Amino acid sequence: MTPEILDEMKTTLKETAVKLGCTPLEINGEADHVHLLLRFPADSSVSSIVNSLKTVSSRMIRKNHPDILHGGRTGLFWSRSYFAATAGGVTLEVLKTYVE
């Protein structure tokens with residue numbers, strides 16, 4: 001992702017997270033990945049939230065930047081995998097600093 005596309009991505013991820021009932025605490029990333037620090041409802045699963053975030057943001061990228069995947073190996077914007085962890089053991093400030 002270019003810095004401009006990353007900025008679009010952060011906006012889309014934040015708006016989508018809010019629609020899903022999540023509270024985005026920090027969102028940032030680099031050329032090949034993003035980090036999200038979210039507070040989410042107890043009755044929501046991590047996998048469903050990640051799936052929705054990836055689906056909506058991928059559609060946004062394809063709509064606004066149709067040539068972004070030109071030459072890509074898989075034709076997918078996101079990989080099928082993700083990493084999720086709970087925030088136990090560290091403060092939110094430490095996590096926010098990491099994501100920033």
# chains A, B, ... in the order shown; residues from 1 in each chain; ligands from 1
>>> residues_around(residues="Ile5 of chain A", least_positions_apart="5", cutoff="9 Å", atoms="only C-alpha atoms", output="ChimeraX atom specification")
/A:10,61,65
>>> write_last_selection(atoms="N, CA and C atoms", output="short mmCIF file (atom, residue, chain, number, x, y, z; two decimals), in the first residue's frame")
data_model
loop_
_atom_site.label_atom_id
_atom_site.label_comp_id
_atom_site.auth_asym_id
_atom_site.auth_seq_id
_atom_site.Cartn_x
_atom_site.Cartn_y
_atom_site.Cartn_z
N LYS A 10 -7.20 3.09 6.41
CA LYS A 10 -7.45 3.37 7.82
C LYS A 10 -8.85 3.96 8.01
N ILE A 61 -10.84 -0.91 -2.02
CA ILE A 61 -9.59 -0.83 -2.79
C ILE A 61 -9.84 -1.15 -4.26
N HIS A 65 -9.21 1.80 -6.71
CA HIS A 65 -7.88 1.57 -7.31
C HIS A 65 -7.92 0.25 -8.10
#
>>> atom_distance(atom1="atom CA of Thr23 of chain A", atom2="atom CA of Thr97 of chain A")
17.0 Å
>>> residues_around(residues="Thr16 of chain A", least_positions_apart="2", cutoff="10 Å", atoms="only C-alpha atoms", output="JSON, numbers by chain")
{"A": [10, 11, 12, 13, 14, 18, 19, 20, 21, 22, 24, 49, 52, 53, 54, 56, 57]}
>>> select_by_dssp(residues="chain A", states="strand (DSSP E)", output="number ranges by chain")
A: 23-30, 33-39
>>> residues_around(residues="Leu95 of chain A", least_positions_apart="6", cutoff="9 Å", atoms="only C-alpha atoms", output="NGL selection string")
:A and (26 or 37 or 87)
>>> residues_around(residues="Pro66 of chain A", least_positions_apart="6", cutoff="12 Å", atoms="only C-alpha atoms", output="PyMOL selection string")
chain A and resi 58-60+75+77
>>> write_last_selection(atoms="C-alpha atoms", output="mmCIF file, in the first residue's frame")
data_model
loop_
_atom_site.group_PDB
_atom_site.id
_atom_site.type_symbol
_atom_site.label_atom_id
_atom_site.label_comp_id
_atom_site.auth_asym_id
_atom_site.auth_seq_id
_atom_site.Cartn_x
_atom_site.Cartn_y
_atom_site.Cartn_z
ATOM 1 C CA SER A 58 -10.947 -5.050 -0.224
ATOM 2 C CA ARG A 59 -14.045 -3.889 -2.091
ATOM 3 C CA MET A 60 -13.097 -0.260 -1.429
ATOM 4 C CA GLY A 75 -5.654 -11.619 -7.262
ATOM 5 C CA PHE A 77 -5.781 -7.841 -1.695
#
>>> residues_around(residues="Lys96 of chain A", least_positions_apart="5", cutoff="10 Å", atoms="only C-alpha atoms", output="ChimeraX atom specification")
/A:25-28,35-37,91
>>> select_by_dssp(residues="segment 7-78 of chain A", states="helix (DSSP H, G or I)", output="PyMOL selection string")
chain A and resi 7-19+46-64
